[in-house]
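Undergrad: My questions all concern the structure below.
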Amino acid sequence: MGREPGSGGAPPLLIACALGIEQFALRSGDRGGAPGQVTVLRTGMGPDRARRAVSRALAEERWRDAAVIASGFCAGLAPGMHPGDLIVADETRGPDGTTLCTGTDLLVKALAKAVPGRAVHTGPLTGSDHVVRGPERTALRAGGAIAVDMESAATLRTARTAGAFGDGPDARPVAAVRVVVDAPEHELVRIGTVRGGISAFRVLRAVLPAFFEWHRSLLLPRR
């Protein structure tokens with residue numbers, strides 16, 4: 001069961017991803033050190049499916065207080081990014097607005113320890129309802145975004161508005177951590193895609209200890 005109202009300790013942790021291969025990577029990683037309940041939820045592709053799946057999950061009593069991390073793969077927008085680079089969002093952007101993330105600096109430090117040698121980029125993660133290529137990528141980058149995916153913005157906005165949390169001091173802790181599988185100089189249609197995909201998969205398998213460190217740092221306000 002979830003944390004009882006008024007109790008202390010870290011809330012449950014819900015990790016949301018879209019694809020089966022992402023769920024497999026996250027579930028097959030090192031789960032030792034989890035401070036409480038953890039589940040990896042496969043939402044399906046696209047913002048609409050992410051909204052529905054996360055909303056259903058957080059409506060369950062055992063997950064109603066859960067902290068939420070959106071994870072999986074993404075497309076990097078900045079020149080010089082490579083498959084296997086990590087993206088830690090300081091905010092997600094979508095048609096429903098901007099969602100500020102919780103504990104970004106802590107996640108960056110934890111990921112540097114969990115996946116040493118991998119570049120970690122921090123900045124806005126924008127949402128899309130389709131695969132973004134060419135001029136669209138350039139436009140998103142010009143707007144300040146460092147990466148794009150289809151589910152993170154919808155996941156975090158849904159999580160932040162679910163239940164009685166809201167965006168104030170008692171806001172639900174949310175974060176988005178993505179692994180670059182597609183970058184300006186390494187598009188999916190190019191030779192080397194498989195190698196880049198394997199690299200990204202291995203990195204995604206290795207992120208759980210950082211998620212658990214972030215999770216341990218949380219203490220939701222007494223309700």
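Letters for chains follow the order of the structure tokens (A, B, ...), residue numbers begin at 1 for each chain, and ligand numbers begin at 1 in the order shown.
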Among region 83-116 of chain A, which ones does DSSP place in strand (DSSP E), written as a PDB file with C-alpha atoms, in the first residue's frame?

TA:
```
ATOM      1  CA  LEU A  86      21.492  11.869 -20.766  1.00  0.00           C
ATOM      2  CA  ILE A  87      18.867  14.616 -20.635  1.00  0.00           C
ATOM      3  CA  VAL A  88      17.684  15.910 -17.260  1.00  0.00           C
ATOM      4  CA  ALA A  89      14.839  18.348 -17.744  1.00  0.00           C
ATOM      5  CA  ASP A  90      14.614  21.456 -15.606  1.00  0.00           C
ATOM      6  CA  GLU A  91      11.173  21.932 -17.132  1.00  0.00           C
ATOM      7  CA  THR A  92       8.921  20.239 -19.650  1.00  0.00           C
ATOM      8  CA  ARG A  93       6.974  22.179 -22.261  1.00  0.00           C
ATOM      9  CA  GLY A  94       3.708  21.146 -23.892  1.00  0.00           C
ATOM     10  CA  GLY A  97       1.879  24.691 -20.337  1.00  0.00           C
ATOM     11  CA  THR A  98       5.272  24.415 -18.659  1.00  0.00           C
ATOM     12  CA  THR A  99       5.951  22.085 -15.733  1.00  0.00           C
ATOM     13  CA  LEU A 100       8.923  22.788 -13.483  1.00  0.00           C
TER      14      LEU A 100
END
```

Undergrad: Could you make a table, as a tab-separated table, of the residues of region 77-134 of chain A that have an atom within 7 Å of an atom of region 145-155 of chain A, each with its nearest atom pair and distance in Å to one decimal, counting only C-alpha atoms, in chain and number order?

TA:
```
residue	atom	partner	partner_atom	distance
A:Leu77	CA	A:Ala147	CA	5.0
A:Ala78	CA	A:Ile146	CA	5.7
A:Thr92	CA	A:Ala153	CA	5.0
A:Arg93	CA	A:Ala153	CA	5.7
A:Gly94	CA	A:Ala153	CA	5.4
A:Gly123	CA	A:Ile146	CA	6.0
A:Pro124	CA	A:Ala145	CA	4.8
A:Leu125	CA	A:Ala147	CA	5.1
A:Thr126	CA	A:Val148	CA	4.9
A:Gly127	CA	A:Met150	CA	5.2
A:Ser128	CA	A:Met150	CA	4.8
A:Asp129	CA	A:Met150	CA	5.5
A:His130	CA	A:Met150	CA	6.7
```

Undergrad: Could you tell me how far CA of Arg49 (chain A) sits from CA of Leu208 (chain A), in Å to one decimal place?

TA: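 One can read the CA of Leu208 (chain A) to CA of Arg49 (chain A) distance as 23.8 Å.
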
Undergrad: From the options A:Cys17, A:Ala59, A:Val132, A:Leu204, which residue's atoms come nearest to Gly29 (chain A), counting only C-alpha atoms?

TA: A:Leu204

Undergrad: Between A:Gly20, A:Pro12, A:Gly72, A:Pro47, single out the one closest to Leu218 (chain A), counting only C-alpha atoms.

TA: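 Checking each candidate against Leu218 (chain A), we get A:Pro12 as the closest.
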
Undergrad: Enter the distance from CA of Ala16 (chain A) to CA of Ala50 (chain A), in Å, rounded to one decimal.

TA: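 One can read the CA of Ala16 (chain A) to CA of Ala50 (chain A) distance as 8.2 Å.
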
Undergrad: Can you check which residues of region 66-175 of chain A DSSP gives as helix (DSSP H, G or I) on the backbone and send them as a ChimeraX atom specification?

TA: /A:104-114,134-142,152-161

Undergrad: Print the selection's residues with N, CA and C atoms to a file, as a tab-separated table (two decimals), in the first residue's frame.

TA:
```
chain	number	residue	atom	x	y	z
A	104	THR	N	16.40	18.83	-9.88
A	104	THR	CA	17.19	18.64	-11.09
A	104	THR	C	18.68	18.50	-10.79
A	105	ASP	N	19.21	19.38	-9.96
A	105	ASP	CA	20.65	19.33	-9.65
A	105	ASP	C	21.03	18.01	-8.98
A	106	LEU	N	20.17	17.53	-8.09
A	106	LEU	CA	20.44	16.26	-7.42
A	106	LEU	C	20.48	15.12	-8.43
A	107	LEU	N	19.56	15.12	-9.37
A	107	LEU	CA	19.54	14.08	-10.39
A	107	LEU	C	20.79	14.11	-11.25
A	108	VAL	N	21.22	15.31	-11.62
A	108	VAL	CA	22.42	15.43	-12.45
A	108	VAL	C	23.62	14.81	-11.74
A	109	LYS	N	23.78	15.13	-10.46
A	109	LYS	CA	24.90	14.58	-9.69
A	109	LYS	C	24.78	13.06	-9.52
A	110	ALA	N	23.57	12.61	-9.27
A	110	ALA	CA	23.36	11.17	-9.08
A	110	ALA	C	23.62	10.39	-10.37
A	111	LEU	N	23.23	10.95	-11.50
A	111	LEU	CA	23.45	10.29	-12.78
A	111	LEU	C	24.93	10.26	-13.14
A	112	ALA	N	25.65	11.31	-12.79
A	112	ALA	CA	27.09	11.33	-13.05
A	112	ALA	C	27.79	10.19	-12.32
A	113	LYS	N	27.27	9.82	-11.14
A	113	LYS	CA	27.83	8.69	-10.40
A	113	LYS	C	27.34	7.35	-10.95
A	114	ALA	N	26.07	7.30	-11.32
A	114	ALA	CA	25.48	6.05	-11.78
A	114	ALA	C	25.98	5.65	-13.16
A	134	GLY	N	14.21	17.60	-39.15
A	134	GLY	CA	14.56	18.73	-39.99
A	134	GLY	C	14.27	20.10	-39.41
A	135	PRO	N	13.54	20.94	-40.16
A	135	PRO	CA	13.29	22.31	-39.73
A	135	PRO	C	12.58	22.43	-38.40
A	136	GLU	N	11.72	21.45	-38.08
A	136	GLU	CA	11.03	21.48	-36.78
A	136	GLU	C	12.04	21.40	-35.64
A	137	ARG	N	13.04	20.57	-35.79
A	137	ARG	CA	14.07	20.47	-34.76
A	137	ARG	C	14.79	21.80	-34.59
A	138	THR	N	15.11	22.41	-35.71
A	138	THR	CA	15.81	23.69	-35.66
A	138	THR	C	14.97	24.73	-34.93
A	139	ALA	N	13.67	24.74	-35.20
A	139	ALA	CA	12.79	25.71	-34.56
A	139	ALA	C	12.68	25.46	-33.06
A	140	LEU	N	12.59	24.21	-32.67
A	140	LEU	CA	12.51	23.89	-31.24
A	140	LEU	C	13.79	24.27	-30.52
A	141	ARG	N	14.92	24.00	-31.16
A	141	ARG	CA	16.20	24.38	-30.58
A	141	ARG	C	16.31	25.90	-30.43
A	142	ALA	N	15.83	26.62	-31.44
A	142	ALA	CA	15.87	28.09	-31.39
A	142	ALA	C	15.04	28.62	-30.23
A	152	SER	N	6.87	13.00	-22.13
A	152	SER	CA	7.29	13.59	-20.85
A	152	SER	C	6.43	14.76	-20.41
A	153	ALA	N	6.18	15.69	-21.32
A	153	ALA	CA	5.40	16.88	-20.95
A	153	ALA	C	4.00	16.49	-20.49
A	154	ALA	N	3.36	15.58	-21.22
A	154	ALA	CA	2.02	15.14	-20.84
A	154	ALA	C	2.04	14.37	-19.53
A	155	THR	N	3.06	13.54	-19.34
A	155	THR	CA	3.18	12.77	-18.10
A	155	THR	C	3.31	13.68	-16.89
A	156	LEU	N	4.22	14.64	-16.96
A	156	LEU	CA	4.47	15.49	-15.81
A	156	LEU	C	3.33	16.46	-15.55
A	157	ARG	N	2.71	17.00	-16.59
A	157	ARG	CA	1.57	17.89	-16.38
A	157	ARG	C	0.41	17.13	-15.76
A	158	THR	N	0.15	15.92	-16.22
A	158	THR	CA	-0.92	15.10	-15.65
A	158	THR	C	-0.63	14.78	-14.19
A	159	ALA	N	0.62	14.40	-13.91
A	159	ALA	CA	1.00	14.07	-12.53
A	159	ALA	C	0.87	15.27	-11.61
A	160	ARG	N	1.28	16.43	-12.09
A	160	ARG	CA	1.27	17.62	-11.26
A	160	ARG	C	-0.16	18.08	-10.95
A	161	THR	N	-1.09	17.84	-11.85
A	161	THR	CA	-2.46	18.31	-11.65
A	161	THR	C	-3.37	17.23	-11.06
```

Undergrad: Name the closest residue to Gly197 (chain A) among the candidates A:Gly44, A:Gly143, A:Gly32, A:Pro83; distances are taken between atoms, counting only C-alpha atoms.

TA: A:Pro83

Undergrad: Quick one: pull the distance between CA of Ala206 (chain A) and CA of Asp65 (chain A), Å, one decimal.

TA: 25.6 Å
